[in-house]
Amino acid sequence: MSGPPRESAGALGAWSESREEPSDEADGGRNTRKKKKKKKKRRRRKEERGELELGASAPQPPRDPPATAEEDRAAGDADEPIIRGIFRIGRRSHDVVLTARRVTWTPIQPESPTGDSGSASTEEHVELKDVFAVKVKRRRSIGQQSGGTLLGITLFHCRRKGIKLKDAEVHFNNLSVDHCEVWFRHLKELLRGFPNRPKSLKVFVNPASHKKEAYQIYLDEVAPLFKLADIDANVTITERKGHALAILKECKLDGYDGVVCVGGDGSVAEVAHGLLLRAQMDAGRDTDSIFTPVQAALPLGIIPAGSTNVVACSVHGIRHAASAALHIILGHHQPVDVCTFSSLGRLLRFGFSAMFGFGGRTLALAEKHRWMPPSQRRDFALIRMLANLKPEDCELSYLPLRVSHGENAEQTKSESGKVVREAEAADPWQTTQGLFLNISIMAIPCLCSMAPRGLAPNTRLNNGSMALIIARNASRSEFIKHLKRYSGRSNQFSFSFVETHTVKAVKLRPRVQGFWTDDTSEDNDSNSTPILSSEGMYPWNIDGDLLEAPAEILIRVHPELLTLYGETVEEAEESPVKCSCI
Ligand SMILES: Nc1ncnc2c1ncn2[C@@H]1O[C@H](COP(=O)(O)OP(=O)(O)OP(=O)(O)O)[C@@H](O)[C@H]1O
């Protein structure tokens, strides 16, 4: 919007006057009903004469309210005034115009006796695509449940500050019930025309995330906005790992418009996996064989409340619960590519990103020290693994993605049927083997405060490919330099031991199966001896969740398999955090 309407200090809290919709007004008395009937008649007659819809200053003819905003837009008159009237906004009277696209208001200049027009009046507006609630504003005495003196109507909308979204409100004051009711009706009707805005959500809150404040974040920053937007939220506070997954496998999802996860990456990964697994079950897909997955039935909203929030940051650009809630409320849909991780033909899980080698082993070590606070155990594991840096001996195959724009180019379609790339052709599998310090496979950019441009800056949320980042064996100091560059501006990939590829699939097979060692003793500083595993289990870091996987893993990308609430973000707006320990 162009001007600064008063920002709400927590959408509900700042609302000192009571509010309700006109239809909720209840006095119960017969006389009142009669009066209402008469009033209605009078109003209808007035409407017919155009006296209500258009103020004295409005030359436009009255119009019927649009059946839906889309119909109106389709008629190509999105900028045609639908209704016009006078409201007080702040201390001044304003000429207010509603179109299918926006509400615009201009201060009414008092005519001066000298005929001067005075200073130029500034027009302000709010786009309806940013408006998420309209309420009737009334003054009620303490304890009064209904009725009350009507004061006007209030629009609640979303304001952008960089990539941060904030809720704000504009009060349109007018004591005429008829006037306000007509405006209210039109606004409600127009808002109903926006697609994707959820009315009912299934919410999972992980109370154990980060500093155990996820539920409080939900109560303070999200629930009030959902209430304002008339969203019905069914909340489950998860009791253990796997709880959300178990519910998603069995619960009825028909009544919901979306699923929301309040937590960190581990919780998001579990809910995303659950939603996608449920979609495969409903579609009768056999996940014990190579299969083409179907899209998740519902979009997923992420309220960041964890110690790592890479997925949330990739679609919001910031760890900010209110921004995330507003993306959900306004129905901002962002299709996202998702990977399947399978072994011996069986699906292990769905996910957005994976790390093998240093990334996997560091997480495995951190998980063994769960009793430590999250940041402490992460730093501890990082230092221990760097001190004992060892490569993995494995065979790595990948299917590169080659984009061609020639005549023979095929069109690739996502499961939704949308063309996701102009053309591409896959080269045959390429295979390399040797010692690797770390292998990252990422279907989304993975923005975070440690890497504002992303752990995989060369990939996009829905470009139908994955970034494969290979760090071959190198000295500890070179590897640390490579890691440090993620938080800065220098290219983290400009090292001779680092390779990046754009791929459709990756196969990774650890080559040595000797004995397991979790030996991280400081005196062993040789980083040329590969890590051996006796149990044939290798730790993978999949979206911050530990997966102990046997043998060969196949990772395939599936374009736009899941829709997240959010949008494409180029760079995280988090203040960059340098890892304190390297
Ligand atoms: N009530 C619970 N108690 C313990 N763990 C839970 C509970 N509910 C869910 N979990 C699990 O906790 C794990 C970590 O949660 P989440 O990622 O939200 O928090 P986090 O602080 O970012 O954690 P991490 O530091 O492990 O990334 C998830 O795998 C989730 O399944």
# chains A, B, ... in the order shown; residues from 1 in each chain; ligands from 1
>>> residues_near_ligand(ligand="ligand 1", cutoff="10 Å", atoms="only C-alpha atoms and all ligand atoms", output="ChimeraX atom specification")
/A:204-214,237-245,261-271,304-310,363,366-367,370,373-375,377-378,543-546
>>> select_by_dssp(residues="range 215-463 of chain A", states="helix (DSSP H, G or I)", output="ChimeraX atom specification")
/A:215-228,243-250,265-282,310-316,321-329,358-368,374-387
>>> write_last_selection(atoms="C-alpha atoms", output="PDB file, in the first residue's frame")
ATOM      1  CA  TYR A 215       3.530 -23.526  21.112  1.00  0.00           C
ATOM      2  CA  GLN A 216       3.951 -20.061  22.600  1.00  0.00           C
ATOM      3  CA  ILE A 217       4.996 -18.728  19.184  1.00  0.00           C
ATOM      4  CA  TYR A 218       1.853 -20.288  17.744  1.00  0.00           C
ATOM      5  CA  LEU A 219      -0.382 -18.812  20.473  1.00  0.00           C
ATOM      6  CA  ASP A 220       1.165 -15.336  20.375  1.00  0.00           C
ATOM      7  CA  GLU A 221       1.959 -14.757  16.735  1.00  0.00           C
ATOM      8  CA  VAL A 222      -0.094 -17.123  14.618  1.00  0.00           C
ATOM      9  CA  ALA A 223      -3.392 -18.052  16.291  1.00  0.00           C
ATOM     10  CA  PRO A 224      -4.594 -14.408  16.585  1.00  0.00           C
ATOM     11  CA  LEU A 225      -4.017 -13.874  12.846  1.00  0.00           C
ATOM     12  CA  PHE A 226      -5.783 -17.145  11.962  1.00  0.00           C
ATOM     13  CA  LYS A 227      -8.714 -16.072  14.152  1.00  0.00           C
ATOM     14  CA  LEU A 228      -8.885 -12.684  12.495  1.00  0.00           C
ATOM     15  CA  HIS A 243       3.493 -38.626  16.091  1.00  0.00           C
ATOM     16  CA  ALA A 244       2.649 -36.211  13.247  1.00  0.00           C
ATOM     17  CA  LEU A 245       3.488 -38.894  10.686  1.00  0.00           C
ATOM     18  CA  ALA A 246       1.196 -41.414  12.384  1.00  0.00           C
ATOM     19  CA  ILE A 247      -1.695 -38.919  12.398  1.00  0.00           C
ATOM     20  CA  LEU A 248      -1.161 -37.906   8.777  1.00  0.00           C
ATOM     21  CA  LYS A 249      -1.228 -41.527   7.683  1.00  0.00           C
ATOM     22  CA  GLU A 250      -4.675 -42.066   9.158  1.00  0.00           C
ATOM     23  CA  ASP A 265      13.425 -28.651   9.950  1.00  0.00           C
ATOM     24  CA  GLY A 266      13.042 -32.039  11.629  1.00  0.00           C
ATOM     25  CA  SER A 267       9.335 -31.437  12.192  1.00  0.00           C
ATOM     26  CA  VAL A 268       8.859 -30.002   8.700  1.00  0.00           C
ATOM     27  CA  ALA A 269      10.582 -33.013   7.156  1.00  0.00           C
ATOM     28  CA  GLU A 270       8.310 -35.352   9.119  1.00  0.00           C
ATOM     29  CA  VAL A 271       5.103 -33.537   8.153  1.00  0.00           C
ATOM     30  CA  ALA A 272       6.145 -33.148   4.492  1.00  0.00           C
ATOM     31  CA  HIS A 273       7.028 -36.854   4.386  1.00  0.00           C
ATOM     32  CA  GLY A 274       3.702 -37.709   6.041  1.00  0.00           C
ATOM     33  CA  LEU A 275       1.672 -35.619   3.585  1.00  0.00           C
ATOM     34  CA  LEU A 276       3.422 -37.146   0.589  1.00  0.00           C
ATOM     35  CA  LEU A 277       3.271 -40.683   1.941  1.00  0.00           C
ATOM     36  CA  ARG A 278      -0.444 -40.232   2.572  1.00  0.00           C
ATOM     37  CA  ALA A 279      -0.907 -39.061  -1.026  1.00  0.00           C
ATOM     38  CA  GLN A 280       0.838 -42.217  -2.311  1.00  0.00           C
ATOM     39  CA  MET A 281      -1.309 -44.416  -0.043  1.00  0.00           C
ATOM     40  CA  ASP A 282      -4.499 -42.704  -1.233  1.00  0.00           C
ATOM     41  CA  VAL A 310      16.212 -24.063   6.308  1.00  0.00           C
ATOM     42  CA  VAL A 311      12.972 -25.049   4.535  1.00  0.00           C
ATOM     43  CA  ALA A 312      10.999 -22.159   6.083  1.00  0.00           C
ATOM     44  CA  CYS A 313      13.778 -19.710   5.236  1.00  0.00           C
ATOM     45  CA  SER A 314      13.813 -20.938   1.621  1.00  0.00           C
ATOM     46  CA  VAL A 315      10.158 -19.915   1.125  1.00  0.00           C
ATOM     47  CA  HIS A 316       9.966 -16.916   3.466  1.00  0.00           C
ATOM     48  CA  ALA A 321       6.373 -16.464  12.396  1.00  0.00           C
ATOM     49  CA  ALA A 322       3.981 -13.631  11.438  1.00  0.00           C
ATOM     50  CA  SER A 323       5.324 -13.529   7.855  1.00  0.00           C
ATOM     51  CA  ALA A 324       4.838 -17.283   7.597  1.00  0.00           C
ATOM     52  CA  ALA A 325       1.286 -17.005   8.983  1.00  0.00           C
ATOM     53  CA  LEU A 326       0.394 -14.234   6.525  1.00  0.00           C
ATOM     54  CA  HIS A 327       1.703 -16.275   3.573  1.00  0.00           C
ATOM     55  CA  ILE A 328      -0.673 -19.031   4.723  1.00  0.00           C
ATOM     56  CA  ILE A 329      -3.649 -16.722   5.284  1.00  0.00           C
ATOM     57  CA  PHE A 358      30.830 -34.754   6.936  1.00  0.00           C
ATOM     58  CA  GLY A 359      27.239 -33.425   7.075  1.00  0.00           C
ATOM     59  CA  GLY A 360      25.770 -36.830   7.953  1.00  0.00           C
ATOM     60  CA  ARG A 361      28.404 -37.799  10.504  1.00  0.00           C
ATOM     61  CA  THR A 362      28.289 -34.410  12.254  1.00  0.00           C
ATOM     62  CA  LEU A 363      24.535 -34.757  12.720  1.00  0.00           C
ATOM     63  CA  ALA A 364      24.938 -38.360  13.934  1.00  0.00           C
ATOM     64  CA  LEU A 365      27.440 -37.223  16.539  1.00  0.00           C
ATOM     65  CA  ALA A 366      25.229 -34.291  17.596  1.00  0.00           C
ATOM     66  CA  GLU A 367      22.257 -36.663  18.001  1.00  0.00           C
ATOM     67  CA  LYS A 368      24.314 -38.794  20.387  1.00  0.00           C
ATOM     68  CA  PRO A 374      20.921 -27.545  20.369  1.00  0.00           C
ATOM     69  CA  SER A 375      23.528 -24.936  19.397  1.00  0.00           C
ATOM     70  CA  GLN A 376      26.059 -26.353  21.842  1.00  0.00           C
ATOM     71  CA  ARG A 377      25.723 -29.918  20.542  1.00  0.00           C
ATOM     72  CA  ARG A 378      25.953 -28.720  16.944  1.00  0.00           C
ATOM     73  CA  ASP A 379      29.148 -26.756  17.626  1.00  0.00           C
ATOM     74  CA  PHE A 380      30.563 -29.626  19.637  1.00  0.00           C
ATOM     75  CA  ALA A 381      29.904 -32.137  16.853  1.00  0.00           C
ATOM     76  CA  LEU A 382      31.256 -29.778  14.199  1.00  0.00           C
ATOM     77  CA  ILE A 383      34.514 -29.240  16.066  1.00  0.00           C
ATOM     78  CA  ARG A 384      34.955 -32.956  16.794  1.00  0.00           C
ATOM     79  CA  MET A 385      34.289 -33.949  13.198  1.00  0.00           C
ATOM     80  CA  LEU A 386      36.597 -31.255  11.822  1.00  0.00           C
ATOM     81  CA  ALA A 387      39.317 -32.268  14.210  1.00  0.00           C
TER      82      ALA A 387
END
>>> residues_around(residues="Leu508 in chain A", least_positions_apart="6", cutoff="12 Å", atoms="only C-alpha atoms", output="PyMOL selection string")
chain A and resi 341-344+354-357+392-399+430-434+436+438-441+468+470+538+540+549-556
>>> closest_atom_pairs(of="range 126-157 of chain A", to="range 80-89 of chain A", cutoff="12 Å", atoms="only C-alpha atoms", output="tab-separated table")
residue	atom	partner	partner_atom	distance
A:Leu151	CA	A:Arg88	CA	10.1
A:Gly152	CA	A:Phe87	CA	8.2
A:Ile153	CA	A:Phe87	CA	9.5
A:Thr154	CA	A:Ile89	CA	10.2
A:Leu155	CA	A:Ile89	CA	11.6
>>> write_last_selection(atoms="C-alpha atoms", output="JSON list (two decimals), in the first residue's frame")
[["chain", "number", "residue", "atom", "x", "y", "z"],
["A", 151, "LEU", "CA", -18.21, 2.95, 14.49],
["A", 152, "GLY", "CA", -17.32, 1.82, 10.99],
["A", 153, "ILE", "CA", -15.43, -0.99, 9.31],
["A", 154, "THR", "CA", -11.82, -2.08, 9.55],
["A", 155, "LEU", "CA", -9.64, -3.67, 6.90]]
>>> closest_residue(among="A:His171, A:His501, A:Arg91, A:Lys166", to="Lys135 in chain A", atoms="only C-alpha atoms")
A:His171
>>> atom_distance(atom1="CA of Lys507 in chain A", atom2="CA of Leu437 in chain A")
16.5 Å
>>> residues_around(residues="range 98-104 of chain A", least_positions_apart="2", cutoff="7 Å", atoms="only C-alpha atoms", output="PyMOL selection string")
chain A and resi 69+72-73+78-84+96+106+123-128+190
>>> atom_distance(atom1="CA of Leu348 in chain A", atom2="CA of Asn462 in chain A")
22.2 Å
>>> select_by_dssp(residues="range 67-167 of chain A", states="strand (DSSP E or B)", output="number ranges by chain")
A: 83-89, 92-98, 102-107, 124-127, 131-139, 149-161, 164-167
>>> write_last_selection(atoms="C-alpha atoms", output="PDB file, in the first residue's frame")
ATOM      1  CA  ILE A  83     -18.786   1.566  -4.713  1.00  0.00           C
ATOM      2  CA  ARG A  84     -17.788   4.967  -3.484  1.00  0.00           C
ATOM      3  CA  GLY A  85     -18.442   6.785  -0.232  1.00  0.00           C
ATOM      4  CA  ILE A  86     -17.191   9.009   2.521  1.00  0.00           C
ATOM      5  CA  PHE A  87     -15.431   7.728   5.643  1.00  0.00           C
ATOM      6  CA  ARG A  88     -13.346   9.312   8.316  1.00  0.00           C
ATOM      7  CA  ILE A  89      -9.860   7.839   8.353  1.00  0.00           C
ATOM      8  CA  ARG A  92     -10.031  13.592   8.259  1.00  0.00           C
ATOM      9  CA  SER A  93     -12.913  12.744   5.980  1.00  0.00           C
ATOM     10  CA  HIS A  94     -11.902  10.791   2.921  1.00  0.00           C
ATOM     11  CA  ASP A  95     -13.414   9.991  -0.400  1.00  0.00           C
ATOM     12  CA  VAL A  96     -13.130   6.195  -0.569  1.00  0.00           C
ATOM     13  CA  VAL A  97     -13.418   4.126  -3.733  1.00  0.00           C
ATOM     14  CA  LEU A  98     -13.611   0.344  -3.959  1.00  0.00           C
ATOM     15  CA  ARG A 102      -8.092  -2.114  -4.387  1.00  0.00           C
ATOM     16  CA  VAL A 103      -9.547   0.352  -1.907  1.00  0.00           C
ATOM     17  CA  THR A 104      -8.353   3.902  -2.508  1.00  0.00           C
ATOM     18  CA  TRP A 105      -8.913   6.901  -0.264  1.00  0.00           C
ATOM     19  CA  THR A 106      -8.214  10.580  -0.749  1.00  0.00           C
ATOM     20  CA  PRO A 107      -8.668  13.303   1.873  1.00  0.00           C
ATOM     21  CA  GLU A 124      -3.541   6.100  -0.533  1.00  0.00           C
ATOM     22  CA  HIS A 125      -4.654   2.609  -1.263  1.00  0.00           C
ATOM     23  CA  VAL A 126      -4.513  -0.999  -0.168  1.00  0.00           C
ATOM     24  CA  GLU A 127      -4.573  -3.851  -2.655  1.00  0.00           C
ATOM     25  CA  VAL A 131      -6.404  -7.701   2.617  1.00  0.00           C
ATOM     26  CA  PHE A 132      -7.127 -10.733   4.755  1.00  0.00           C
ATOM     27  CA  ALA A 133     -10.055  -9.640   6.904  1.00  0.00           C
ATOM     28  CA  VAL A 134     -12.816  -7.084   7.056  1.00  0.00           C
ATOM     29  CA  LYS A 135     -14.651  -6.502  10.322  1.00  0.00           C
ATOM     30  CA  VAL A 136     -17.406  -4.252  11.543  1.00  0.00           C
ATOM     31  CA  LYS A 137     -16.170  -2.055  14.324  1.00  0.00           C
ATOM     32  CA  ARG A 138     -18.427  -1.358  17.299  1.00  0.00           C
ATOM     33  CA  ARG A 139     -18.053   0.218  20.664  1.00  0.00           C
ATOM     34  CA  THR A 149     -22.567   1.439  18.719  1.00  0.00           C
ATOM     35  CA  LEU A 150     -21.349   0.982  15.211  1.00  0.00           C
ATOM     36  CA  LEU A 151     -18.214   2.949  14.490  1.00  0.00           C
ATOM     37  CA  GLY A 152     -17.316   1.815  10.991  1.00  0.00           C
ATOM     38  CA  ILE A 153     -15.426  -0.995   9.307  1.00  0.00           C
ATOM     39  CA  THR A 154     -11.822  -2.078   9.549  1.00  0.00           C
ATOM     40  CA  LEU A 155      -9.642  -3.675   6.897  1.00  0.00           C
ATOM     41  CA  PHE A 156      -6.841  -5.937   8.054  1.00  0.00           C
ATOM     42  CA  HIS A 157      -4.109  -6.267   5.511  1.00  0.00           C
ATOM     43  CA  CYS A 158      -0.556  -7.346   5.068  1.00  0.00           C
ATOM     44  CA  ARG A 159       2.268  -4.849   4.608  1.00  0.00           C
ATOM     45  CA  ARG A 160       5.672  -5.728   3.183  1.00  0.00           C
ATOM     46  CA  LYS A 161       8.899  -4.571   4.739  1.00  0.00           C
ATOM     47  CA  LYS A 164       8.995  -9.501   6.033  1.00  0.00           C
ATOM     48  CA  LEU A 165       5.184  -9.442   6.072  1.00  0.00           C
ATOM     49  CA  LYS A 166       3.408  -7.558   8.825  1.00  0.00           C
ATOM     50  CA  ASP A 167      -0.252  -7.190   9.649  1.00  0.00           C
TER      51      ASP A 167
END
>>> residues_around(residues="range 472-488 of chain A", least_positions_apart="4", cutoff="9 Å", atoms="only C-alpha atoms", output="tab-separated table (two decimals) with C-alpha atoms, in the first residue's frame")
chain	number	residue	atom	x	y	z
A	386	LEU	CA	36.60	-31.26	11.82
A	387	ALA	CA	39.32	-32.27	14.21
A	388	ASN	CA	39.04	-35.82	12.90
A	389	LEU	CA	38.14	-35.08	9.35
A	390	LYS	CA	37.97	-38.27	7.31
A	391	PRO	CA	36.72	-38.91	3.83
A	392	GLU	CA	34.14	-41.49	2.78
A	434	GLY	CA	37.11	-42.10	-4.66
A	435	LEU	CA	37.38	-40.31	-1.36
A	436	PHE	CA	34.82	-37.61	-0.58
A	437	LEU	CA	34.65	-35.33	2.43
A	438	ASN	CA	31.06	-34.34	1.85
A	439	ILE	CA	28.34	-34.87	-0.74
A	449	SER	CA	21.38	-17.52	8.45
A	450	MET	CA	24.62	-19.50	8.04
A	451	ALA	CA	24.26	-19.35	4.24
A	452	PRO	CA	22.05	-16.38	3.24
A	453	ARG	CA	22.48	-17.19	-0.47
A	454	GLY	CA	21.69	-20.80	0.31
A	455	LEU	CA	23.61	-24.02	0.81
A	492	GLN	CA	32.28	-21.33	-1.84
A	493	PHE	CA	32.67	-23.59	-4.85
A	494	SER	CA	35.85	-22.09	-6.32
A	495	PHE	CA	38.11	-24.77	-4.89
A	496	SER	CA	39.82	-27.44	-6.94
A	497	PHE	CA	38.35	-30.18	-4.73
A	498	VAL	CA	34.75	-28.92	-5.03
A	499	GLU	CA	32.48	-29.78	-7.97
A	527	ASN	CA	42.41	-37.52	7.06
A	528	SER	CA	43.28	-39.90	4.29
A	576	PRO	CA	24.31	-13.64	8.47
A	577	VAL	CA	25.59	-15.83	11.25
A	578	LYS	CA	29.14	-17.04	11.07
A	579	CYS	CA	29.69	-20.32	12.79
A	582	ILE	CA	35.27	-22.37	12.58
>>> closest_residue(among="A:Leu298, A:Ala471, A:Ser465, A:Pro445", to="Asn196 in chain A", atoms="only C-alpha atoms")
A:Leu298
>>> atom_distance(atom1="CA of Ser141 in chain A", atom2="CA of Asp230 in chain A")
23.9 Å
>>> decode(residues="range 215-249 of chain A", atoms="N, CA and C atoms", output="short mmCIF file (atom, residue, chain, number, x, y, z; two decimals), in the first residue's frame")
data_model
loop_
_atom_site.label_atom_id
_atom_site.label_comp_id
_atom_site.auth_asym_id
_atom_site.auth_seq_id
_atom_site.Cartn_x
_atom_site.Cartn_y
_atom_site.Cartn_z
N TYR A 215 4.97 -23.69 20.84
CA TYR A 215 3.53 -23.53 21.11
C TYR A 215 3.23 -22.07 21.47
N GLN A 216 4.16 -21.46 22.23
CA GLN A 216 3.95 -20.06 22.60
C GLN A 216 4.00 -19.17 21.35
N ILE A 217 4.91 -19.49 20.45
CA ILE A 217 5.00 -18.73 19.18
C ILE A 217 3.67 -18.86 18.45
N TYR A 218 3.13 -20.08 18.43
CA TYR A 218 1.85 -20.29 17.74
C TYR A 218 0.75 -19.45 18.41
N LEU A 219 0.68 -19.53 19.75
CA LEU A 219 -0.38 -18.81 20.47
C LEU A 219 -0.26 -17.30 20.32
N ASP A 220 0.97 -16.80 20.38
CA ASP A 220 1.17 -15.34 20.37
C ASP A 220 1.14 -14.73 18.98
N GLU A 221 1.75 -15.42 18.03
CA GLU A 221 1.96 -14.76 16.74
C GLU A 221 1.12 -15.30 15.59
N VAL A 222 0.61 -16.50 15.75
CA VAL A 222 -0.09 -17.12 14.62
C VAL A 222 -1.60 -17.24 14.86
N ALA A 223 -1.97 -17.82 16.01
CA ALA A 223 -3.39 -18.05 16.29
C ALA A 223 -4.24 -16.77 16.18
N PRO A 224 -3.76 -15.62 16.71
CA PRO A 224 -4.59 -14.41 16.59
C PRO A 224 -4.84 -14.02 15.13
N LEU A 225 -3.84 -14.22 14.27
CA LEU A 225 -4.02 -13.87 12.85
C LEU A 225 -4.98 -14.85 12.18
N PHE A 226 -4.86 -16.14 12.51
CA PHE A 226 -5.78 -17.15 11.96
C PHE A 226 -7.21 -16.80 12.39
N LYS A 227 -7.37 -16.39 13.64
CA LYS A 227 -8.71 -16.07 14.15
C LYS A 227 -9.30 -14.88 13.40
N LEU A 228 -8.47 -13.88 13.22
CA LEU A 228 -8.89 -12.68 12.50
C LEU A 228 -9.32 -13.02 11.07
N ALA A 229 -8.61 -13.97 10.47
CA ALA A 229 -8.93 -14.36 9.08
C ALA A 229 -10.02 -15.43 9.03
N ASP A 230 -10.66 -15.70 10.17
CA ASP A 230 -11.74 -16.70 10.27
C ASP A 230 -11.28 -18.08 9.83
N ILE A 231 -10.04 -18.42 10.15
CA ILE A 231 -9.54 -19.76 9.82
C ILE A 231 -9.76 -20.68 11.01
N ASP A 232 -10.32 -21.83 10.71
CA ASP A 232 -10.57 -22.81 11.75
C ASP A 232 -9.33 -23.71 11.84
N ALA A 233 -8.63 -23.68 12.96
CA ALA A 233 -7.39 -24.46 13.09
C ALA A 233 -7.58 -25.62 14.06
N ASN A 234 -7.27 -26.82 13.57
CA ASN A 234 -7.32 -28.00 14.43
C ASN A 234 -5.88 -28.31 14.83
N VAL A 235 -5.56 -28.07 16.12
CA VAL A 235 -4.16 -28.14 16.56
C VAL A 235 -3.84 -29.46 17.25
N THR A 236 -2.72 -30.07 16.85
CA THR A 236 -2.19 -31.23 17.58
C THR A 236 -0.82 -30.86 18.10
N ILE A 237 -0.63 -31.00 19.39
CA ILE A 237 0.71 -30.79 19.96
C ILE A 237 1.37 -32.15 19.98
N THR A 238 2.42 -32.31 19.19
CA THR A 238 3.00 -33.65 19.04
C THR A 238 3.64 -34.10 20.35
N GLU A 239 3.56 -35.40 20.59
CA GLU A 239 4.05 -35.94 21.86
C GLU A 239 5.39 -36.63 21.73
N ARG A 240 5.75 -36.98 20.51
CA ARG A 240 7.00 -37.72 20.28
C ARG A 240 7.34 -37.65 18.81
N LYS A 241 8.56 -38.07 18.50
CA LYS A 241 8.97 -38.16 17.10
C LYS A 241 8.06 -39.19 16.41
N GLY A 242 7.59 -38.89 15.26
CA GLY A 242 6.75 -39.83 14.51
C GLY A 242 5.25 -39.65 14.77
N HIS A 243 4.90 -38.82 15.74
CA HIS A 243 3.49 -38.63 16.09
C HIS A 243 2.73 -37.98 14.93
N ALA A 244 3.31 -36.91 14.36
CA ALA A 244 2.65 -36.21 13.25
C ALA A 244 2.50 -37.16 12.06
N LEU A 245 3.53 -37.95 11.81
CA LEU A 245 3.49 -38.89 10.69
C LEU A 245 2.35 -39.90 10.87
N ALA A 246 2.24 -40.43 12.11
CA ALA A 246 1.20 -41.41 12.38
C ALA A 246 -0.19 -40.81 12.15
N ILE A 247 -0.38 -39.57 12.58
CA ILE A 247 -1.69 -38.92 12.40
C ILE A 247 -1.97 -38.70 10.91
N LEU A 248 -0.96 -38.21 10.20
CA LEU A 248 -1.16 -37.91 8.78
C LEU A 248 -1.47 -39.15 7.95
N LYS A 249 -0.96 -40.28 8.42
CA LYS A 249 -1.23 -41.53 7.68
C LYS A 249 -2.69 -41.94 7.79
#
